[in-house]
Structures are given as structure tokens and as C-alpha cells.
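To be precise, the following lines are final07.txt, and they hold compact mmCIF, C-alpha atoms.
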```txt
# COMPACT_ATOMS: atom_id res chain seq x y z
CA MET E 1 -44.61 66.64 -43.53
CA SER E 2 -41.02 65.96 -42.37
CA ASP E 3 -38.99 66.90 -39.29
CA ASN E 4 -40.25 69.86 -37.22
CA GLY E 5 -43.42 69.86 -39.29
CA ALA E 6 -41.75 71.54 -42.25
CA THR E 7 -42.73 70.68 -45.79
CA ALA E 8 -40.33 69.86 -48.61
CA GLU E 9 -41.28 73.16 -50.26
CA ASN E 10 -39.95 75.34 -47.44
CA LYS E 11 -36.82 73.34 -46.80
CA SER E 12 -33.50 74.36 -48.28
CA ILE E 13 -31.52 71.92 -50.39
CA ALA E 14 -28.99 71.73 -47.52
CA ASP E 15 -31.71 70.71 -45.06
CA MET E 16 -33.04 67.94 -47.29
CA LEU E 17 -29.57 66.60 -48.01
CA ARG E 18 -28.70 66.67 -44.30
CA ILE E 19 -31.86 64.76 -43.35
CA ARG E 20 -31.17 62.13 -46.00
CA SER E 21 -27.53 61.81 -44.98
CA GLU E 22 -28.17 61.62 -41.24
CA ALA E 23 -30.82 58.94 -41.73
CA MET E 24 -28.07 56.63 -42.97
CA MET E 25 -25.51 57.51 -40.28
CA SER E 26 -24.38 55.32 -37.42
CA PRO E 27 -25.80 56.28 -34.02
CA PHE E 28 -22.19 57.13 -33.08
CA ALA E 29 -21.70 59.57 -35.96
CA PHE E 30 -21.55 63.27 -35.20
CA ARG E 31 -24.56 65.19 -36.45
CA GLU E 32 -24.49 68.80 -37.54
CA SER E 33 -27.42 69.66 -35.27
CA ASP E 34 -25.21 68.81 -32.26
CA SER E 35 -22.40 71.14 -33.33
CA LYS E 36 -21.09 73.76 -30.92
CA GLY E 37 -21.03 76.05 -33.93
CA ARG E 38 -18.72 78.89 -34.88
CA GLU E 39 -17.31 81.75 -32.85
CA ILE E 40 -19.12 84.09 -35.24
CA PRO E 41 -22.51 82.66 -36.32
CA LEU E 42 -23.34 82.68 -40.03
CA PRO E 43 -26.66 82.63 -41.86
CA PRO E 44 -27.34 79.07 -43.09
CA SER E 45 -26.39 78.10 -46.61
CA GLU E 46 -29.08 77.00 -49.04
CA VAL E 47 -27.03 74.14 -50.46
CA ARG E 48 -24.16 73.29 -48.10
CA ASN E 49 -24.06 71.98 -44.56
CA GLU E 50 -21.74 73.63 -42.04
CA PHE E 51 -18.91 71.11 -42.40
CA GLN E 52 -19.01 71.45 -46.19
CA ARG E 53 -18.66 75.20 -45.74
CA ASP E 54 -15.62 74.58 -43.52
CA ARG E 55 -14.13 72.34 -46.19
CA ASP E 56 -14.58 75.06 -48.80
CA ARG E 57 -13.10 77.74 -46.54
CA ILE E 58 -10.02 75.60 -46.00
CA ILE E 59 -9.56 74.79 -49.69
CA HIS E 60 -9.77 78.48 -50.60
CA SER E 61 -7.32 79.57 -47.88
CA LYS E 62 -3.82 80.84 -48.59
CA SER E 63 -2.29 78.37 -46.17
CA PHE E 64 -3.85 75.44 -48.05
CA ARG E 65 -2.39 76.63 -51.36
CA ARG E 66 1.06 76.95 -49.81
CA LEU E 67 1.08 73.25 -48.89
CA MET E 68 1.96 72.41 -52.50
CA HIS E 69 5.42 73.90 -51.97
CA LYS E 70 6.14 72.45 -48.52
CA THR E 71 8.24 69.36 -47.91
CA GLN E 72 6.85 66.04 -46.80
CA VAL E 73 10.20 64.25 -46.22
CA PHE E 74 12.65 65.08 -49.02
CA LEU E 75 13.78 68.70 -49.17
CA ALA E 76 13.28 70.79 -52.34
CA PRO E 77 13.00 67.61 -54.42
CA GLU E 78 13.99 67.69 -58.07
CA VAL E 79 11.93 64.58 -58.78
CA GLU E 80 8.36 65.78 -59.19
CA HIS E 81 6.76 62.54 -58.03
CA TYR E 82 7.82 62.91 -54.39
CA ARG E 83 4.97 63.78 -52.05
CA THR E 84 4.54 67.33 -50.83
CA ARG E 85 2.59 68.42 -47.79
CA LEU E 86 -0.40 69.04 -50.11
CA THR E 87 -0.41 65.59 -51.67
CA HIS E 88 -0.01 64.10 -48.19
CA THR E 89 -3.08 66.06 -47.10
CA LEU E 90 -5.10 64.78 -50.05
CA GLU E 91 -4.10 61.18 -49.31
CA VAL E 92 -5.07 61.59 -45.65
CA THR E 93 -8.43 63.00 -46.74
CA GLN E 94 -9.09 60.11 -49.12
CA ILE E 95 -8.27 57.50 -46.47
CA ALA E 96 -10.34 59.30 -43.83
CA ARG E 97 -13.40 59.49 -46.09
CA THR E 98 -13.10 55.82 -46.99
CA ILE E 99 -13.09 54.83 -43.31
CA ALA E 100 -15.87 57.27 -42.43
CA ARG E 101 -18.10 56.00 -45.22
CA ALA E 102 -17.63 52.36 -44.23
CA LEU E 103 -18.43 53.17 -40.58
CA ARG E 104 -21.36 55.42 -41.58
CA LEU E 105 -19.81 58.44 -39.87
CA ASN E 106 -20.04 62.08 -40.93
CA GLU E 107 -17.89 62.18 -44.08
CA ASP E 108 -18.07 65.96 -44.43
CA LEU E 109 -16.71 66.54 -40.93
CA CYS E 110 -13.96 63.99 -41.59
CA GLU E 111 -13.05 65.64 -44.87
CA ALA E 112 -12.86 69.16 -43.47
CA ALA E 113 -10.68 68.17 -40.49
CA ALA E 114 -8.37 66.13 -42.73
CA LEU E 115 -7.94 68.96 -45.24
CA GLY E 116 -7.05 71.37 -42.44
CA HIS E 117 -4.87 69.15 -40.28
CA ASP E 118 -1.49 70.36 -41.61
CA LEU E 119 -2.22 74.01 -42.45
CA GLY E 120 0.31 75.13 -39.84
CA HIS E 121 3.16 72.95 -41.03
CA THR E 122 6.52 74.63 -41.43
CA PRO E 123 8.78 74.72 -44.47
CA PHE E 124 10.92 71.57 -44.68
CA GLY E 125 8.26 69.48 -42.92
CA HIS E 126 9.05 68.12 -39.47
CA ILE E 127 12.62 69.40 -39.77
CA GLY E 128 11.33 72.97 -39.67
CA GLU E 129 9.01 72.09 -36.80
CA ARG E 130 11.89 70.64 -34.77
CA ALA E 131 14.02 73.70 -35.47
CA LEU E 132 11.37 76.12 -34.23
CA LYS E 133 10.59 74.00 -31.19
CA LYS E 134 14.21 73.30 -30.17
CA TYR E 135 15.84 76.65 -30.82
CA CYS E 136 13.15 79.29 -31.14
CA LEU E 137 9.75 78.67 -29.51
CA PRO E 138 9.61 75.65 -27.15
CA GLU E 139 5.81 75.38 -27.24
CA PHE E 140 5.64 75.23 -31.04
CA THR E 141 3.87 72.26 -32.67
CA HIS E 142 2.56 72.02 -36.20
CA TYR E 143 -0.89 70.92 -34.99
CA GLY E 144 -1.12 73.82 -32.57
CA GLN E 145 -0.01 76.11 -35.38
CA SER E 146 -2.67 74.65 -37.67
CA LEU E 147 -5.29 75.69 -35.13
CA ARG E 148 -3.69 79.12 -34.86
CA VAL E 149 -3.82 79.51 -38.64
CA VAL E 150 -7.56 78.88 -38.84
CA GLU E 151 -8.44 80.85 -35.70
CA LYS E 152 -6.09 83.84 -35.71
CA LEU E 153 -3.96 84.18 -38.84
CA GLU E 154 -6.59 83.53 -41.52
CA ARG E 155 -9.67 83.74 -39.30
CA LEU E 156 -11.57 81.04 -41.18
CA ASN E 157 -14.26 80.93 -38.48
CA LEU E 158 -14.60 77.14 -38.63
CA THR E 159 -16.94 75.03 -36.52
CA PHE E 160 -15.70 73.78 -33.18
CA GLU E 161 -15.66 70.13 -34.30
CA VAL E 162 -13.43 70.78 -37.32
CA ARG E 163 -11.02 72.83 -35.21
CA ASP E 164 -11.05 70.07 -32.60
CA GLY E 165 -10.19 67.47 -35.25
CA ILE E 166 -7.35 69.63 -36.58
CA VAL E 167 -5.59 70.26 -33.28
CA ASN E 168 -6.02 66.72 -31.94
CA HIS E 169 -4.75 64.74 -34.93
CA GLN E 170 -1.39 63.76 -33.45
CA GLY E 171 0.29 62.52 -30.28
CA ASP E 172 -1.66 61.67 -27.15
CA HIS E 173 -4.44 64.10 -28.01
CA LEU E 174 -7.89 62.65 -28.67
CA ALA E 175 -10.53 64.45 -30.70
CA SER E 176 -14.01 64.79 -29.21
CA THR E 177 -15.65 63.15 -32.26
CA LEU E 178 -15.09 59.77 -33.88
CA GLU E 179 -14.59 61.63 -37.14
CA GLY E 180 -11.65 63.54 -35.67
CA ARG E 181 -10.18 60.27 -34.42
CA VAL E 182 -10.48 58.77 -37.89
CA VAL E 183 -8.32 61.63 -39.21
CA LYS E 184 -5.62 60.75 -36.67
CA PHE E 185 -5.49 57.15 -37.91
CA ALA E 186 -5.68 58.24 -41.55
CA ASP E 187 -2.72 60.60 -41.09
CA ARG E 188 -0.53 57.81 -39.74
CA ILE E 189 -1.61 55.31 -42.42
CA ALA E 190 -0.87 57.86 -45.14
CA TYR E 191 2.57 58.98 -44.05
CA ILE E 192 3.87 55.55 -43.11
CA ASN E 193 3.04 54.18 -46.53
CA HIS E 194 3.79 57.11 -48.81
CA ASP E 195 7.06 57.94 -47.04
CA ILE E 196 8.21 54.36 -47.68
CA ASP E 197 7.11 54.73 -51.30
CA ASP E 198 9.12 57.96 -51.67
CA ALA E 199 12.14 56.43 -49.94
CA VAL E 200 12.10 53.56 -52.43
CA ARG E 201 11.89 56.11 -55.25
CA ALA E 202 14.85 57.98 -53.74
CA GLY E 203 16.93 54.80 -53.53
CA ILE E 204 17.18 54.96 -49.74
CA LEU E 205 15.55 51.55 -49.31
CA SER E 206 13.77 48.83 -51.28
CA GLU E 207 10.67 46.77 -50.59
CA SER E 208 12.92 43.80 -49.86
CA ASP E 209 14.41 45.72 -46.90
CA ILE E 210 11.07 45.62 -45.08
CA PRO E 211 11.03 42.65 -42.66
CA GLU E 212 9.27 39.61 -44.09
CA GLU E 213 7.01 39.38 -41.03
CA LEU E 214 5.60 42.83 -41.81
CA HIS E 215 5.11 41.89 -45.45
CA ARG E 216 3.22 38.81 -44.34
CA ILE E 217 0.93 40.67 -41.93
CA LEU E 218 0.42 43.98 -43.71
CA GLY E 219 1.02 43.23 -47.37
CA ALA E 220 3.92 43.21 -49.80
CA ASN E 221 3.31 46.58 -51.47
CA HIS E 222 2.02 50.11 -50.92
CA SER E 223 -1.65 49.61 -51.79
CA ALA E 224 -1.91 46.25 -50.01
CA ARG E 225 -0.62 47.75 -46.77
CA ILE E 226 -3.04 50.67 -46.89
CA ASN E 227 -5.94 48.29 -47.56
CA THR E 228 -4.91 46.05 -44.65
CA MET E 229 -4.73 48.96 -42.22
CA VAL E 230 -7.99 50.56 -43.37
CA MET E 231 -9.92 47.29 -43.26
CA SER E 232 -8.54 46.55 -39.79
CA ILE E 233 -9.90 49.85 -38.48
CA ILE E 234 -13.27 49.18 -40.07
CA ARG E 235 -13.51 45.71 -38.54
CA ALA E 236 -12.36 46.88 -35.10
CA SER E 237 -14.64 49.95 -35.01
CA ASP E 238 -17.83 48.93 -36.78
CA GLY E 239 -20.88 49.33 -34.54
CA LYS E 240 -18.82 50.73 -31.66
CA ASN E 241 -18.39 54.14 -30.11
CA LEU E 242 -14.64 54.13 -30.76
CA ILE E 243 -12.03 54.14 -33.49
CA ALA E 244 -9.46 51.39 -33.14
CA MET E 245 -7.24 49.00 -35.08
CA GLU E 246 -7.01 45.25 -34.48
CA ASP E 247 -4.18 44.36 -32.10
CA ASP E 248 -2.07 42.34 -34.52
CA ILE E 249 -2.35 44.93 -37.31
CA LYS E 250 -1.65 47.79 -34.89
CA ALA E 251 1.47 46.03 -33.58
CA ALA E 252 2.74 45.44 -37.11
CA THR E 253 1.91 49.04 -38.11
CA ASP E 254 3.87 50.34 -35.11
CA LYS E 255 6.84 48.15 -36.08
CA LEU E 256 6.68 49.44 -39.65
CA ARG E 257 6.70 53.00 -38.32
CA GLU E 258 9.78 52.21 -36.21
CA PHE E 259 11.43 50.74 -39.31
CA LEU E 260 10.64 53.96 -41.16
CA PHE E 261 12.27 56.11 -38.50
CA GLU E 262 15.39 53.97 -38.45
CA HIS E 263 15.87 53.59 -42.19
CA VAL E 264 14.37 56.78 -43.63
CA TYR E 265 13.95 59.65 -41.16
CA TYR E 266 17.32 58.93 -39.52
CA ASN E 267 19.02 58.07 -42.80
CA ALA E 268 22.39 59.84 -43.28
CA HIS E 269 21.17 61.61 -46.44
CA VAL E 270 18.05 62.97 -44.73
CA LEU E 271 20.00 63.99 -41.60
CA ALA E 272 22.54 65.88 -43.71
CA GLU E 273 19.73 67.89 -45.27
CA GLU E 274 18.18 68.36 -41.83
CA GLU E 275 21.24 70.14 -40.45
CA ARG E 276 21.27 72.66 -43.28
CA ALA E 277 17.51 73.26 -43.16
CA MET E 278 17.46 73.74 -39.38
CA GLY E 279 20.30 76.24 -39.64
CA LEU E 280 18.37 78.19 -42.25
CA ILE E 281 15.20 78.27 -40.13
CA VAL E 282 17.04 79.37 -36.99
CA ARG E 283 18.95 82.12 -38.76
CA LEU E 284 15.77 83.51 -40.33
CA PHE E 285 14.08 83.41 -36.93
CA GLU E 286 16.92 85.28 -35.23
CA HIS E 287 16.98 87.88 -37.99
CA PHE E 288 13.29 88.78 -37.72
CA VAL E 289 13.33 88.80 -33.93
CA LYS E 290 16.09 91.43 -34.15
CA ASN E 291 14.40 93.24 -37.05
CA PRO E 292 10.61 92.90 -36.57
CA ASP E 293 10.01 95.99 -38.71
CA GLU E 294 11.08 93.94 -41.74
CA MET E 295 8.14 91.57 -41.37
CA PRO E 296 5.11 92.07 -43.65
CA GLU E 297 2.44 94.39 -42.27
CA ASN E 298 -0.06 91.59 -41.62
CA TYR E 299 2.41 90.08 -39.17
CA ARG E 300 3.62 93.33 -37.61
CA VAL E 301 0.08 94.16 -36.49
CA LEU E 302 0.09 90.99 -34.39
CA LEU E 303 2.94 92.38 -32.26
CA GLU E 304 0.45 94.52 -30.36
CA GLY E 305 -0.84 91.50 -28.45
CA GLU E 306 1.84 88.83 -28.94
CA THR E 307 5.52 88.33 -28.20
CA CYS E 308 7.89 88.97 -31.07
CA GLU E 309 9.05 85.33 -30.95
CA ARG E 310 5.48 84.08 -31.33
CA VAL E 311 4.81 86.28 -34.34
CA VAL E 312 8.11 85.44 -36.04
CA ALA E 313 7.23 81.74 -35.64
CA ASP E 314 3.94 82.53 -37.41
CA LEU E 315 5.85 84.21 -40.23
CA ILE E 316 8.36 81.41 -40.72
CA SER E 317 5.91 78.52 -40.37
CA GLY E 318 3.81 80.09 -43.12
CA MET E 319 6.69 80.12 -45.60
CA THR E 320 7.07 77.57 -48.38
CA ASP E 321 10.41 75.80 -48.78
CA ARG E 322 11.41 77.86 -51.78
CA HIS E 323 10.37 81.17 -50.21
CA ALA E 324 12.45 80.41 -47.10
CA ILE E 325 15.45 79.51 -49.27
CA SER E 326 15.02 82.60 -51.45
CA LEU E 327 14.69 84.89 -48.46
CA TYR E 328 17.75 83.35 -46.82
CA LYS E 329 19.81 84.00 -49.95
CA GLN E 330 18.51 87.55 -50.14
CA LEU E 331 19.37 88.31 -46.52
CA PHE E 332 22.60 86.42 -45.96
CA ILE E 333 24.32 85.73 -49.30
CA PRO E 334 25.55 89.07 -50.69
CA ASN E 335 25.41 89.51 -54.44
CA THR E 336 28.98 90.88 -54.69
CA TRP E 337 29.99 88.96 -57.80
CA SER E 338 27.35 90.17 -60.24
CA GLY E 339 29.55 92.81 -61.86
CA LEU E 340 32.68 90.69 -62.23
CA ASN E 341 33.77 88.63 -65.22
```
The structure in this file should be written as C-alpha cells.
Amino acid sequence: MSDNGATAENKSIADMLRIRSEAMMSPFAFRESDSKGREIPLPPSEVRNEFQRDRDRIIHSKSFRRLMHKTQVFLAPEVEHYRTRLTHTLEVTQIARTIARALRLNEDLCEAAALGHDLGHTPFGHIGERALKKYCLPEFTHYGQSLRVVEKLERLNLTFEVRDGIVNHQGDHLASTLEGRVVKFADRIAYINHDIDDAVRAGILSESDIPEELHRILGANHSARINTMVMSIIRASDGKNLIAMEDDIKAATDKLREFLFEHVYYNAHVLAEEERAMGLIVRLFEHFVKNPDEMPENYRVLLEGETCERVVADLISGMTDRHAISLYKQLFIPNTWSGLN
């Protein structure tokens, strides 16, 4: 006999796998049996736990597929090896699972929250987010939009803990589970390192530009830095009811992030692209606010309970880079030359 007096014969595969997995977890790991559940309860799966089901719902969502055509840093890149929002998400997920496994946390919860953390990101990455926030909808954030995607726009009916990890992955927000807090660290580790890697590829900076002190503390290349940061979190958090990074590594990581802002995000080339992209976003927003009947039906139905500005922000944030550009050309660049020689 095993837990609750049930025999192996009348247990589902999911139950047996959960029992085996939870037996190896840290006492600080989040267990599925403690979940606050879903807004709409579902019959249990025979083979998957609830966080695995959330993972699968996210992977099969439309918003997840669109991430492959959304900018990370460099707009509409011609070089195919630059990161997109999808490859960023996969790198965050890999780092989060590595940390969770080492700390004996709930890997499935970590994975689902990491895969969903950027579902609400705008076209053109943070440039699009800043445009919507500054000129269109002051309360807009990509993490708030990610929650809105899974709750209202695609209605994925995810567990509370996954939704909590999604909306609290950035800023001063703190997830209610250690797994959600791991995702927050993994997100920062991923973008700091892969954005430097892409900037080197773009010729904006070189490894030799990074201060020698940071090379000494964190490592002299991409993989070494990620390993240093991940191992620091594992050492600082192991056996504790918290997720933290050692003080010296955290200070160096923060300095590297500041270096990234100064030399990459505020680089003249990136800022020049930013001005054009923000103008495109704002003009599309203004157009659909004035012409809400031109929105697709699945957005127009939201107008019954939402402001027009809120729904137009939903529409635009869901666009890929190339769809936003194509739509802008269609609306604002008249095809008056097609019949002329």
C-alpha cells in the first residue's frame, strides 16, 4: 500500500510519477497537492501532472508560436542567428530547469512559468512595450500582458502558481513560490548574456570591451558567465527557503547589466531603430482606436467590457514584427506606383 491506502494498481501513471518526484524534492519545493488550482477545474490526467499540462497548453498556444517572429533586441534581423523572443524563452527555460533541478525544486512548475513568461511581449521587444506604455496605455507592461494573454485572450486556464510565476518575473514583484523566483533570476541571466552575444555578432561591441574586473569575477566568455551566475544561485540558495545570488556575483552581474544598457540598449544604432519602431506602434494604435471596426472579430467582441484603448493594446501586443510592419505599409503607404513604368 502507498499514500492514502491506494495500491499501485489503482493509481494513475501521473500519481505514481508525482509521488516518486515529490519524494526527492526539497522541503521548500512547491508540491502539486498544495496548488490553488485552476479557475475552471479539470478532470485529472492519467499521465501528466497539472504543471505539465500547463506547459503543454502554453506550447500549443498561438501566442507562444508568435514569439518566433518577435524581436529580442535587434529589429527584423537579417542575420538568422540573432535571438528572437522565442529563443530567449527557451534559454530562460533551460536555465530555470537547471537551477530547479540542482535545488530539488519543482522542475515542471519552473518550466511552465518560464515558457509563459513573455507571451504578452510586444512586437519589437521592449521598444514596443515602451511605446505602448509612454504614448498609448500608461499601465501597460509585458508581464501584465502575459497574464492577460493566458487568462483572457487565450483562456489557457492555467494553475494559479504558473500564472503567479508569469506575472511576477520582473521588477520588484516577487512570486509566491521559489520556482517562480527562479524564473526571475533565469530571465535576467539569459538576457544579459545572450544580448551581449548578439551585440558582439552585430559588431556593436567585442568581448574585450567588457571591463576586466567583470571578466575576472564572472568569466571571459558567454558560457563561463552563465555557469558562474547559475552556480552562485545554487550555492546561495541550497537548503534555504529563498532564491538568492552570492553578494559578489550579484554585484558583478548588476554591473554587467549596467554595461549592457550603456553600450547596447542605448547604442546609437539601436536607438535609431527604436525611434522608427515606436512611431510605427503609435500610429497603428491611433488608427485602430479611431477605427475599432477594422479590428478582427475576436478583438471587437472584447469592446463590450473593455475600453477601446485596452483592446487595441491587446491587438498590437499580439502582433509579430513582420505583421506590424506589413500592416503599417498596407494602411499608410499607398500603392500608387504599381501601374507606372
- Message: Please list as a PyMOL selection string every residue within 7 Å of E:Arg97, counting only C-alpha atoms and excluding residues in the same chain fewer than 6 positions away.
- Response: chain E and resi 107+110-111
- Message: Please return as an MDAnalysis selection string every residue within 12 Å of (-21.2, 74.2, -47.6), taking into account only C-alpha atoms and the file's own coordinates.
- Response: chainID E and resid 13:15 17:18 32 42:59 108:109 112 158:159
- Query: Within 12 Å of E:Ala252, counting all atoms listed in the file, which residues qualify if same-chain residues fewer than 4 places away don't, as a VMD selection string?
  - Reply: chain E and resid 192 210 to 219 225 228 to 229 232 245 to 248 256 to 259
Mind writing the picked residues with C-alpha atoms as an mmCIF file, keeping the file's coordinate frame?
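Written file, again.cif:
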```
data_model
loop_
_atom_site.group_PDB
_atom_site.id
_atom_site.type_symbol
_atom_site.label_atom_id
_atom_site.label_comp_id
_atom_site.auth_asym_id
_atom_site.auth_seq_id
_atom_site.Cartn_x
_atom_site.Cartn_y
_atom_site.Cartn_z
ATOM 1 C CA ILE E 192 3.870 55.550 -43.110
ATOM 2 C CA ILE E 210 11.070 45.620 -45.080
ATOM 3 C CA PRO E 211 11.030 42.650 -42.660
ATOM 4 C CA GLU E 212 9.270 39.610 -44.090
ATOM 5 C CA GLU E 213 7.010 39.380 -41.030
ATOM 6 C CA LEU E 214 5.600 42.830 -41.810
ATOM 7 C CA HIS E 215 5.110 41.890 -45.450
ATOM 8 C CA ARG E 216 3.220 38.810 -44.340
ATOM 9 C CA ILE E 217 0.930 40.670 -41.930
ATOM 10 C CA LEU E 218 0.420 43.980 -43.710
ATOM 11 C CA GLY E 219 1.020 43.230 -47.370
ATOM 12 C CA ARG E 225 -0.620 47.750 -46.770
ATOM 13 C CA THR E 228 -4.910 46.050 -44.650
ATOM 14 C CA MET E 229 -4.730 48.960 -42.220
ATOM 15 C CA SER E 232 -8.540 46.550 -39.790
ATOM 16 C CA MET E 245 -7.240 49.000 -35.080
ATOM 17 C CA GLU E 246 -7.010 45.250 -34.480
ATOM 18 C CA ASP E 247 -4.180 44.360 -32.100
ATOM 19 C CA ASP E 248 -2.070 42.340 -34.520
ATOM 20 C CA LEU E 256 6.680 49.440 -39.650
ATOM 21 C CA ARG E 257 6.700 53.000 -38.320
ATOM 22 C CA GLU E 258 9.780 52.210 -36.210
ATOM 23 C CA PHE E 259 11.430 50.740 -39.310
#
```
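Among the candidates E:Asp164, E:Glu207, E:Asp321, E:Asp314, the one nearest to E:Met68 when counting all atoms listed in the file is E:Asp321.
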Set the distance at 7 Å and use only C-alpha atoms: which residues neighbour E:Ala131 once local chain neighbours fewer than 4 positions away are removed? I'd like the list as a CSV table (one decimal) with C-alpha atoms, in the coordinates of the input.
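Below is the file that was written, out.csv:
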```csv
chain,number,residue,atom,x,y,z
E,127,ILE,CA,12.6,69.4,-39.8
E,135,TYR,CA,15.8,76.6,-30.8
E,278,MET,CA,17.5,73.7,-39.4
E,281,ILE,CA,15.2,78.3,-40.1
E,282,VAL,CA,17.0,79.4,-37.0
```
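The interatomic distance for the pair atom CA of E:Gly239 and atom CA of E:Thr89 works out to 27.5 Å.
With atom CA of E:Ser33 on one side and atom CA of E:Thr93 on the other, the separation reads 23.2 Å.
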- Message: I want to know what sits within 12 Å of E:Gly120, based on all atoms listed in the file, with residues of the same chain fewer than 5 positions away left out; could you give that as a ChimeraX atom specification?
- Response: /E:61-67,70,85-86,115,125-126,128-129,140-154,166-167,313-320
Could you take the residues named above and write them with C-alpha atoms, as a PDB file, keeping the file's coordinate frame?
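Contents of the output file out-v3.pdb:
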```pdb
ATOM      1  CA  SER E  61      -7.320  79.570 -47.880  1.00  0.00           C
ATOM      2  CA  LYS E  62      -3.820  80.840 -48.590  1.00  0.00           C
ATOM      3  CA  SER E  63      -2.290  78.370 -46.170  1.00  0.00           C
ATOM      4  CA  PHE E  64      -3.850  75.440 -48.050  1.00  0.00           C
ATOM      5  CA  ARG E  65      -2.390  76.630 -51.360  1.00  0.00           C
ATOM      6  CA  ARG E  66       1.060  76.950 -49.810  1.00  0.00           C
ATOM      7  CA  LEU E  67       1.080  73.250 -48.890  1.00  0.00           C
ATOM      8  CA  LYS E  70       6.140  72.450 -48.520  1.00  0.00           C
ATOM      9  CA  ARG E  85       2.590  68.420 -47.790  1.00  0.00           C
ATOM     10  CA  LEU E  86      -0.400  69.040 -50.110  1.00  0.00           C
ATOM     11  CA  LEU E 115      -7.940  68.960 -45.240  1.00  0.00           C
ATOM     12  CA  GLY E 125       8.260  69.480 -42.920  1.00  0.00           C
ATOM     13  CA  HIS E 126       9.050  68.120 -39.470  1.00  0.00           C
ATOM     14  CA  GLY E 128      11.330  72.970 -39.670  1.00  0.00           C
ATOM     15  CA  GLU E 129       9.010  72.090 -36.800  1.00  0.00           C
ATOM     16  CA  PHE E 140       5.640  75.230 -31.040  1.00  0.00           C
ATOM     17  CA  THR E 141       3.870  72.260 -32.670  1.00  0.00           C
ATOM     18  CA  HIS E 142       2.560  72.020 -36.200  1.00  0.00           C
ATOM     19  CA  TYR E 143      -0.890  70.920 -34.990  1.00  0.00           C
ATOM     20  CA  GLY E 144      -1.120  73.820 -32.570  1.00  0.00           C
ATOM     21  CA  GLN E 145      -0.010  76.110 -35.380  1.00  0.00           C
ATOM     22  CA  SER E 146      -2.670  74.650 -37.670  1.00  0.00           C
ATOM     23  CA  LEU E 147      -5.290  75.690 -35.130  1.00  0.00           C
ATOM     24  CA  ARG E 148      -3.690  79.120 -34.860  1.00  0.00           C
ATOM     25  CA  VAL E 149      -3.820  79.510 -38.640  1.00  0.00           C
ATOM     26  CA  VAL E 150      -7.560  78.880 -38.840  1.00  0.00           C
ATOM     27  CA  GLU E 151      -8.440  80.850 -35.700  1.00  0.00           C
ATOM     28  CA  LYS E 152      -6.090  83.840 -35.710  1.00  0.00           C
ATOM     29  CA  LEU E 153      -3.960  84.180 -38.840  1.00  0.00           C
ATOM     30  CA  GLU E 154      -6.590  83.530 -41.520  1.00  0.00           C
ATOM     31  CA  ILE E 166      -7.350  69.630 -36.580  1.00  0.00           C
ATOM     32  CA  VAL E 167      -5.590  70.260 -33.280  1.00  0.00           C
ATOM     33  CA  ALA E 313       7.230  81.740 -35.640  1.00  0.00           C
ATOM     34  CA  ASP E 314       3.940  82.530 -37.410  1.00  0.00           C
ATOM     35  CA  LEU E 315       5.850  84.210 -40.230  1.00  0.00           C
ATOM     36  CA  ILE E 316       8.360  81.410 -40.720  1.00  0.00           C
ATOM     37  CA  SER E 317       5.910  78.520 -40.370  1.00  0.00           C
ATOM     38  CA  GLY E 318       3.810  80.090 -43.120  1.00  0.00           C
ATOM     39  CA  MET E 319       6.690  80.120 -45.600  1.00  0.00           C
ATOM     40  CA  THR E 320       7.070  77.570 -48.380  1.00  0.00           C
TER      41      THR E 320
END
```
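Using all atoms listed in the file, the nearest neighbour of E:His121 within the list E:Ser21, E:Arg163, E:His88, E:Arg188 is E:His88.
Using only C-alpha atoms for every distance, the candidate list E:Ala244, E:Ala277, E:Ala175, E:Val92 yields E:Val92 as the residue closest to E:Asn193.
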- Message: List the spatial neighbours of E:Glu286 as a ChimeraX atom specification - criterion: any atom at most 12 Å away, all atoms listed in the file, same-chain residues fewer than 5 positions off excluded.
- Response: /E:131-132,135-137,279-281,291-292,308-309,312-313,316,328,331
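With atom CA of E:His60 on one side and atom CA of E:Ser35 on the other, the separation reads 22.6 Å.
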- Query: So, counting all atoms listed in the file, which residue among E:Tyr191, E:Phe30, E:Phe185, E:Phe160 is closest to E:Val73?
  - Reply: E:Tyr191
- Nearest to E:Glu22: which of E:Arg104, E:His269, E:Lys36, E:Arg130 is it, counting only C-alpha atoms? E:Arg104
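Distance check against E:Thr71 using all atoms listed in the file: of E:Thr84, E:Asn157, E:Thr307, E:Ser176, the minimum falls on E:Thr84.
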- Could you please give me, as a list in words, the residues of protein, DNA or RNA lying at most 8 Å from (-11.3, 50.8, -44.9) in the coordinate frame of the file, considering all atoms listed in the file? Ile95, Thr98, Ile99, Ala102, Asn227, Thr228, Met229, Val230, Met231, Ser232, Ile233 and Ile234 of chain E
